[in-house]
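Dumped upload.txt below, it's compact mmCIF, C-alpha atoms:
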```txt
# COMPACT_ATOMS: atom_id res chain seq x y z
CA MET A 158 133.00 84.19 153.33
CA THR A 159 131.42 84.83 149.94
CA PRO A 160 132.12 88.35 148.68
CA PHE A 161 129.11 90.58 147.93
CA ARG A 162 128.16 90.98 144.32
CA GLU A 163 128.60 94.56 143.22
CA LEU A 164 125.40 96.56 142.69
CA ASP A 165 125.05 97.96 139.17
CA PRO A 166 125.86 101.69 139.62
CA LEU A 167 123.54 102.60 136.78
CA LEU A 168 120.60 101.05 138.62
CA HIS A 169 121.69 102.02 142.11
CA SER A 170 120.26 105.50 141.83
CA GLN A 171 116.77 106.26 143.07
CA LEU A 172 115.20 107.68 139.93
CA ARG A 173 116.75 105.26 137.45
CA LEU A 174 115.75 102.32 139.66
CA ALA A 175 112.22 103.71 139.90
CA ILE A 176 112.00 103.99 136.08
CA MET A 177 113.27 100.43 135.65
CA SER A 178 110.91 99.10 138.35
CA ILE A 179 107.93 100.55 136.51
CA LEU A 180 109.08 99.33 133.11
CA ILE A 181 109.80 95.79 134.39
CA SER A 182 106.16 95.41 135.39
CA VAL A 183 104.51 96.79 132.24
CA ASP A 184 104.85 96.30 128.51
CA SER A 185 105.52 100.01 127.88
CA ALA A 186 104.88 103.37 129.52
CA ASP A 187 105.05 106.94 128.29
CA PHE A 188 107.09 109.86 129.60
CA ILE A 189 104.16 111.59 131.33
CA TYR A 190 103.15 108.42 133.13
CA LEU A 191 106.73 107.89 134.34
CA ARG A 192 106.93 111.51 135.48
CA GLU A 193 103.67 111.20 137.46
CA LYS A 194 104.64 107.94 139.13
CA THR A 195 108.22 108.91 139.99
CA ASP A 196 107.34 112.50 140.93
CA ALA A 197 110.46 113.69 139.11
CA THR A 198 110.97 116.89 137.12
CA ALA A 199 110.76 116.56 133.33
CA GLY A 200 114.38 117.61 132.92
CA ASN A 201 115.76 115.15 135.44
CA LEU A 202 113.61 112.32 134.13
CA SER A 203 114.70 113.06 130.58
CA VAL A 204 118.38 112.90 131.57
CA GLN A 205 117.97 109.57 133.41
CA ILE A 206 115.95 108.04 130.57
CA GLY A 207 118.76 109.10 128.24
CA LYS A 208 121.35 107.32 130.42
CA LEU A 209 119.30 104.11 130.56
CA LYS A 210 118.75 104.25 126.83
CA GLU A 211 122.43 104.85 126.16
CA ALA A 212 123.30 101.79 128.23
CA GLY A 213 120.81 99.73 126.22
CA TYR A 214 118.61 99.03 129.27
CA ILE A 215 115.51 100.61 127.72
CA SER A 216 114.29 101.55 124.24
CA VAL A 217 112.59 104.87 123.54
CA LYS A 218 110.12 105.43 120.74
CA LYS A 219 108.86 108.88 119.89
CA SER A 220 105.59 109.34 118.03
CA PHE A 221 102.89 111.95 117.60
CA GLY A 222 99.72 111.28 119.64
CA GLU A 223 96.38 112.99 119.03
CA SER A 224 97.78 116.48 119.29
CA TYR A 225 100.96 116.09 121.29
CA PRO A 226 104.24 114.20 120.96
CA GLN A 227 104.43 110.94 122.87
CA THR A 228 107.58 109.22 124.16
CA MET A 229 107.08 105.52 124.91
CA CYS A 230 109.68 103.67 126.94
CA ARG A 231 110.11 99.90 127.04
CA ILE A 232 112.61 97.74 128.89
CA THR A 233 115.01 95.75 126.68
CA ASP A 234 116.19 92.16 127.21
CA LEU A 235 119.50 93.53 128.47
CA GLY A 236 117.66 95.83 130.89
CA ARG A 237 115.54 92.94 132.14
CA GLN A 238 118.70 90.87 132.69
CA ARG A 239 120.51 93.70 134.50
CA PHE A 240 117.47 94.38 136.69
CA ALA A 241 117.26 90.69 137.67
CA GLU A 242 120.99 90.71 138.49
CA TYR A 243 120.55 93.89 140.55
CA VAL A 244 117.69 92.36 142.56
CA ALA A 245 119.71 89.17 143.11
CA ALA A 246 122.72 91.19 144.30
CA LEU A 247 120.46 93.24 146.55
CA LYS A 248 118.98 90.10 148.10
CA ASP A 249 122.52 88.84 148.61
CA TYR A 250 123.48 92.07 150.29
CA LEU A 251 120.42 92.12 152.53
CA ARG A 252 120.62 88.37 153.13
CA VAL A 253 116.95 87.85 152.17
CA MET B 169 112.78 112.46 143.14
CA GLU B 170 114.86 115.51 142.58
CA ASN B 171 118.37 114.28 143.27
CA GLU B 172 119.39 112.76 139.99
CA GLU B 173 122.28 110.70 141.39
CA LYS B 174 120.93 109.96 144.86
CA LEU B 175 122.41 106.68 146.09
CA MET B 176 120.39 104.41 148.34
CA THR B 177 120.75 101.82 151.03
CA GLY B 178 119.65 98.28 150.20
CA GLU B 179 116.38 98.77 152.08
CA GLU B 180 115.64 101.97 150.18
CA SER B 181 116.26 100.18 146.89
CA LEU B 182 113.79 97.45 147.77
CA ARG B 183 111.21 100.04 148.82
CA VAL B 184 111.58 101.93 145.52
CA ILE B 185 111.11 98.69 143.55
CA SER B 186 108.01 97.57 145.45
CA ASP B 187 106.47 101.10 145.48
CA MET B 188 106.85 101.52 141.73
CA ILE B 189 105.57 98.05 140.85
CA SER B 190 102.45 98.59 142.96
CA LYS B 191 101.67 101.76 140.99
CA THR B 192 101.24 99.98 137.67
CA ARG B 193 97.62 99.07 137.22
CA VAL B 194 95.20 98.17 134.43
CA SER B 195 92.50 100.62 133.42
CA VAL B 196 89.04 99.07 133.04
CA THR B 197 87.29 101.87 131.16
CA GLN B 198 87.82 100.24 127.75
CA ALA B 199 86.57 96.89 129.01
CA SER B 200 83.19 98.22 130.10
CA PHE B 201 82.65 100.13 126.83
CA HIS B 202 83.19 97.05 124.65
CA LEU B 203 81.10 94.78 126.88
CA LEU B 204 78.16 97.20 126.78
CA LEU B 205 78.45 97.91 123.04
CA TRP B 206 78.57 94.23 122.09
CA GLY B 207 76.14 93.18 124.79
CA TRP B 208 73.41 95.49 123.52
CA LEU B 209 74.18 94.91 119.83
CA ILE B 210 74.17 91.10 120.00
CA PHE B 211 71.20 91.14 122.36
CA ALA B 212 69.20 93.27 119.88
CA CYS B 213 70.26 91.26 116.83
CA SER B 214 69.67 87.82 118.34
CA LEU B 215 66.34 88.74 119.90
CA SER B 216 65.01 90.49 116.78
CA GLU B 217 66.17 87.60 114.56
CA PHE B 218 64.28 85.19 116.79
CA LEU B 219 61.13 87.34 117.01
CA LEU B 220 61.04 88.08 113.27
CA TRP B 221 61.45 84.40 112.46
CA LYS B 222 59.06 83.09 115.11
CA TYR B 223 56.25 85.65 115.02
CA ALA B 224 56.58 87.42 111.66
CA GLY B 225 57.49 84.31 109.72
CA TRP B 226 60.46 85.98 108.01
CA ALA B 227 62.75 83.17 106.90
CA ASP B 228 65.68 85.51 106.21
CA SER B 229 65.60 87.19 109.59
CA TRP B 230 69.35 86.55 109.93
CA TYR B 231 69.85 89.72 107.82
CA VAL B 232 69.65 91.67 111.09
CA TRP B 233 73.19 90.42 111.80
CA PHE B 234 74.59 92.86 109.23
CA ALA B 235 74.31 95.43 112.04
CA VAL B 236 77.38 93.71 113.51
CA ILE B 237 79.52 95.42 110.85
CA ALA B 238 78.67 98.79 112.43
CA GLY B 239 79.67 97.34 115.80
CA VAL B 240 83.04 96.20 114.45
CA VAL B 241 83.74 99.68 113.04
CA ALA B 242 82.68 101.41 116.28
CA SER B 243 84.68 98.98 118.40
CA PHE B 244 87.89 99.36 116.42
CA ALA B 245 87.52 103.16 116.13
CA TYR B 246 87.00 103.52 119.88
CA GLY B 247 89.77 101.05 120.74
CA PHE B 248 92.22 102.76 118.38
CA ALA B 249 91.41 106.26 119.66
CA LYS B 250 91.65 105.18 123.31
CA GLY B 251 94.78 103.16 122.62
CA LYS B 252 96.54 106.23 121.21
CA ARG B 253 95.73 108.11 124.42
CA GLU B 254 96.86 105.29 126.74
CA ARG B 255 99.98 106.23 128.65
CA ILE B 256 100.79 102.75 129.84
CA PHE B 257 100.40 99.22 128.50
CA THR B 258 100.60 96.45 131.07
CA TYR B 259 101.00 92.77 130.18
CA GLY B 260 97.44 92.32 131.43
CA THR B 261 96.16 94.88 128.91
CA LYS B 262 98.15 93.21 126.16
CA ILE B 263 96.70 89.76 126.92
CA TYR B 264 93.20 91.27 127.19
CA VAL B 265 93.37 93.09 123.84
CA TRP B 266 94.97 90.24 121.87
CA THR B 267 92.59 87.61 123.24
CA TRP B 268 89.63 89.59 121.90
CA ILE B 269 91.37 90.28 118.57
CA ALA B 270 92.01 86.51 118.26
CA PHE B 271 88.34 85.87 118.98
CA PHE B 272 87.38 88.46 116.34
CA TRP B 273 89.48 86.80 113.61
CA ALA B 274 88.27 83.32 114.58
CA SER B 275 84.69 84.61 114.29
CA VAL B 276 85.36 86.18 110.87
CA ILE B 277 86.78 82.90 109.57
CA PHE B 278 83.89 81.02 111.14
CA PHE B 279 81.24 83.18 109.49
CA ILE B 280 82.88 83.40 106.08
CA VAL B 281 84.06 79.82 105.68
CA PHE B 282 81.70 77.62 107.64
CA PRO B 283 78.16 79.08 107.61
CA LEU B 284 76.58 76.50 105.32
CA GLU B 285 78.02 73.50 107.14
CA THR B 286 77.19 74.64 110.64
CA GLY B 287 73.57 75.77 110.37
CA ASP B 288 72.71 77.43 113.68
CA VAL B 289 75.77 79.41 114.75
CA ALA B 290 74.63 80.57 118.20
CA LYS B 291 75.92 77.57 120.14
CA TYR B 292 79.34 77.70 118.45
CA MET B 293 79.65 81.44 119.02
CA LEU B 294 78.77 81.01 122.70
CA LEU B 295 81.37 78.28 123.07
CA MET B 296 84.05 80.45 121.43
CA ALA B 297 83.07 83.73 123.15
CA GLY B 298 83.28 82.11 126.58
CA ILE B 299 87.06 81.76 126.19
CA PRO B 300 88.03 85.47 125.85
CA LEU B 301 85.40 86.34 128.46
CA LEU B 302 86.97 83.96 130.98
CA ILE B 303 90.53 85.14 130.20
CA SER B 304 89.41 88.79 130.54
CA GLY B 305 87.80 88.01 133.88
CA VAL B 306 91.01 86.38 135.09
CA VAL B 307 93.22 89.25 133.83
CA LEU B 308 90.99 91.88 135.45
CA ASN B 309 90.37 89.66 138.48
CA PHE B 310 86.67 90.31 137.95
CA ARG B 311 84.41 87.44 138.98
CA PRO B 312 81.19 88.49 137.12
CA MET B 313 83.04 88.02 133.81
CA MET B 314 84.24 84.57 134.84
CA LEU B 315 80.70 83.59 135.85
CA GLY B 316 79.50 85.06 132.54
CA ALA B 317 81.86 82.71 130.69
CA ALA B 318 80.45 79.73 132.60
CA ALA B 319 76.92 80.92 131.68
CA PHE B 320 77.96 81.12 127.98
CA TRP B 321 78.98 77.46 128.00
CA LEU B 322 75.83 76.35 129.80
CA LEU B 323 73.69 78.34 127.39
CA ALA B 324 75.58 76.79 124.44
CA LEU B 325 74.24 73.46 125.68
CA VAL B 326 70.77 74.99 126.03
CA ALA B 327 71.04 76.29 122.44
CA HIS B 328 71.94 72.80 121.26
CA PHE B 329 69.52 70.68 123.25
CA GLY B 330 66.62 73.12 123.78
CA GLY B 331 63.67 73.22 121.42
CA ASP B 332 63.16 75.96 118.78
CA THR B 333 61.92 78.57 121.23
CA VAL B 334 64.36 77.91 124.07
CA SER B 335 67.35 77.74 121.69
CA GLY B 336 66.42 81.07 120.13
CA LEU B 337 66.50 82.78 123.51
CA ALA B 338 69.85 81.34 124.62
CA MET B 339 71.93 84.04 122.91
CA PRO B 340 69.97 87.08 124.25
CA ALA B 341 70.06 85.53 127.73
CA ALA B 342 73.82 84.98 127.44
CA MET B 343 74.33 88.65 126.50
CA ILE B 344 72.50 89.82 129.61
CA ILE B 345 74.43 87.51 131.94
CA GLY B 346 77.86 87.54 130.30
CA TYR B 347 78.24 91.03 128.81
CA LEU B 348 75.63 93.50 130.09
CA ILE B 349 75.64 92.73 133.82
CA PRO B 350 79.48 92.62 134.04
CA GLY B 351 79.66 95.69 131.77
CA TYR B 352 77.43 97.80 134.01
CA LEU B 353 79.16 96.53 137.16
CA LEU B 354 82.52 97.55 135.68
CA ARG B 355 81.20 100.95 134.65
CA LYS B 356 79.76 101.49 138.12
CA ARG B 357 83.25 101.21 139.55
CA GLY B 358 84.02 104.34 137.59
CA SER B 359 86.75 105.46 135.23
CA HIS B 360 89.16 106.08 138.09
CA ASP B 361 89.08 102.53 139.29
CA THR B 362 91.85 100.20 138.28
CA PHE B 363 92.89 96.62 138.84
CA GLN B 364 96.33 95.34 139.59
CA GLY B 365 97.92 94.40 136.28
CA ALA B 366 98.99 90.87 135.48
```
Exercise: express the given structure as structure tokens:
Amino acid sequence: MTPFRELDPLLHSQLRLAIMSILISVDSADFIYLREKTDATAGNLSVQIGKLKEAGYISVKKSFGESYPQTMCRITDLGRQRFAEYVAALKDYLRV
Amino acid sequence: MENEEKLMTGEESLRVISDMISKTRVSVTQASFHLLLWGWLIFACSLSEFLLWKYAGWADSWYVWFAVIAGVVASFAYGFAKGKRERIFTYGTKIYVWTWIAFFWASVIFFIVFPLETGDVAKYMLLMAGIPLLISGVVLNFRPMMLGAAAFWLLALVAHFGGDTVSGLAMPAAMIIGYLIPGYLLRKRGSHDTFQGA
């Protein structure tokens, strides 16, 4: 019997997986957009973005919009690779 | 999503992934603005050039095309201001924007470098403009733009093979079919409407 591939613990958390799922399907998205789509609190979202950034899964660029600061997040090549591995492991686990 | 370390079952993970991906969509508000701006501007320039040449006998009626410079400024200013406010960039948006920027630079080179050799530019412009229009229609999954592109190419043939009068009306007709009708249809869908991103 083939052993199950281990699920990446960094991605196997609801909010971080939600952030990565959004970023995998777009070029880039800002903090407010991510907060609206994930329905998370600003503080929680900020912490999870920090963890993903620290792991090198996403890049974060801060700039000043029209009259407010803007934080744009973008998935990195490493993040894309880890996400693909996570989905493959998940399929393995679910036998789909 | 309040629990910052909430672990999930495999099924929950799949649901999160598919839910989030389905929420990323392309806004169409910019698309309708540019179609209407350029549709009306090119329609007015091409029709007035034709009428001034045909009925007023003004040989240099092509001067009306200098109005395009104002259109370029307005288009870039609007695009830049809207772009700064955008909270998400999908791959569809990226393809859409860069296809039109590529068309813009190709047109600049065309007008600066080749005007004397080409003579009548309408047919060449229609051939070129059909490409970004078709790609935009595909990206937005919006059939009127795709049909508009087909009309551009047919009207390029009309501009080439038609007589003086028919050729002169090919460009204004193309603007109505390819830019203005799709532009108003897009606007009618409203600023809240979105298409699934590519």
### Query
With all atoms listed in the file as the atoms that count, which of A:Asp249, A:Tyr225, A:Val183, A:Asp196 lies nearest to Arg237 of chain A?
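That would be A:Val183, the residue with the smallest distance to Arg237 of chain A.
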Should the cut-off be 8 Å, what would the residue list for chain A against chain B look like, counting all atoms listed in the file, as a CSV table (one decimal) with C-alpha atoms, in the coordinates of the input?
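File result.csv, as written:
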```csv
chain,number,residue,atom,x,y,z
A,169,HIS,CA,121.7,102.0,142.1
A,170,SER,CA,120.3,105.5,141.8
A,171,GLN,CA,116.8,106.3,143.1
A,172,LEU,CA,115.2,107.7,139.9
A,174,LEU,CA,115.8,102.3,139.7
A,175,ALA,CA,112.2,103.7,139.9
A,178,SER,CA,110.9,99.1,138.4
A,179,ILE,CA,107.9,100.6,136.5
A,182,SER,CA,106.2,95.4,135.4
A,183,VAL,CA,104.5,96.8,132.2
A,184,ASP,CA,104.8,96.3,128.5
A,185,SER,CA,105.5,100.0,127.9
A,186,ALA,CA,104.9,103.4,129.5
A,187,ASP,CA,105.0,106.9,128.3
A,189,ILE,CA,104.2,111.6,131.3
A,190,TYR,CA,103.2,108.4,133.1
A,194,LYS,CA,104.6,107.9,139.1
A,195,THR,CA,108.2,108.9,140.0
A,196,ASP,CA,107.3,112.5,140.9
A,197,ALA,CA,110.5,113.7,139.1
A,198,THR,CA,111.0,116.9,137.1
A,201,ASN,CA,115.8,115.2,135.4
A,205,GLN,CA,118.0,109.6,133.4
A,222,GLY,CA,99.7,111.3,119.6
A,223,GLU,CA,96.4,113.0,119.0
A,247,LEU,CA,120.5,93.2,146.6
A,250,TYR,CA,123.5,92.1,150.3
A,251,LEU,CA,120.4,92.1,152.5
```
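Atom CA of Leu209 of chain B lies 18.4 Å from atom CA of Trp273 of chain B.
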### Task
Just give me the residues with any atom within 10 Å of (120.4, 102.9, 130.7), file coordinates, counting all atoms listed in the file, written as a list in words.
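Looking at atoms near the point gives Leu167, Leu168, Arg173, Met177, Gln205, Ile206, Gly207, Lys208, Leu209, Lys210, Glu211, Ala212, Gly213, Tyr214, Ile215, Ser216, Ile232, Thr233, Leu235, Gly236 and Arg239 of chain A.
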### Message
For Gly298 of chain B, find every residue with an atom within 10 Å (counting only C-alpha atoms), except residues of its own chain fewer than 4 positions away, and show them as a list of chain:residue names.
### Response
B:Phe271, B:Met293, B:Leu294, B:Leu302, B:Ile303, B:Ser304, B:Met313, B:Met314, B:Leu315, B:Gly316, B:Ala317, B:Ala318, B:Ala319, B:Phe320, B:Trp321, B:Leu322, B:Ala324, B:Ala342, B:Gly346
### Task
Measure the distance from atom CA of Leu180 of chain A to atom CA of Glu242 of chain A in Å and round it to one decimal.
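Distance between the two atoms: 15.7 Å.
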### Query
Excluding same-chain residues fewer than 5 positions from Ser243 of chain B, what lies within 12 Å of it counting all atoms listed in the file, as number ranges by chain?
B: 198-206, 209, 236-238, 248-251, 265, 268-269, 272
### Query
So what do you get for atom CA of Gly336 of chain B versus atom CA of Trp208 of chain B, distance-wise?
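Atom-to-atom, atom CA of Gly336 of chain B and atom CA of Trp208 of chain B are spaced 16.4 Å apart.
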### Message
With all atoms listed in the file as the counted atoms, please give the residues lying no more than 6 Å from segment 211-221 of chain B, apart from itself and same-chain residues fewer than 6 positions off, as a ChimeraX atom specification.
### Response
/B:227,229-230,232-233,336,340,343
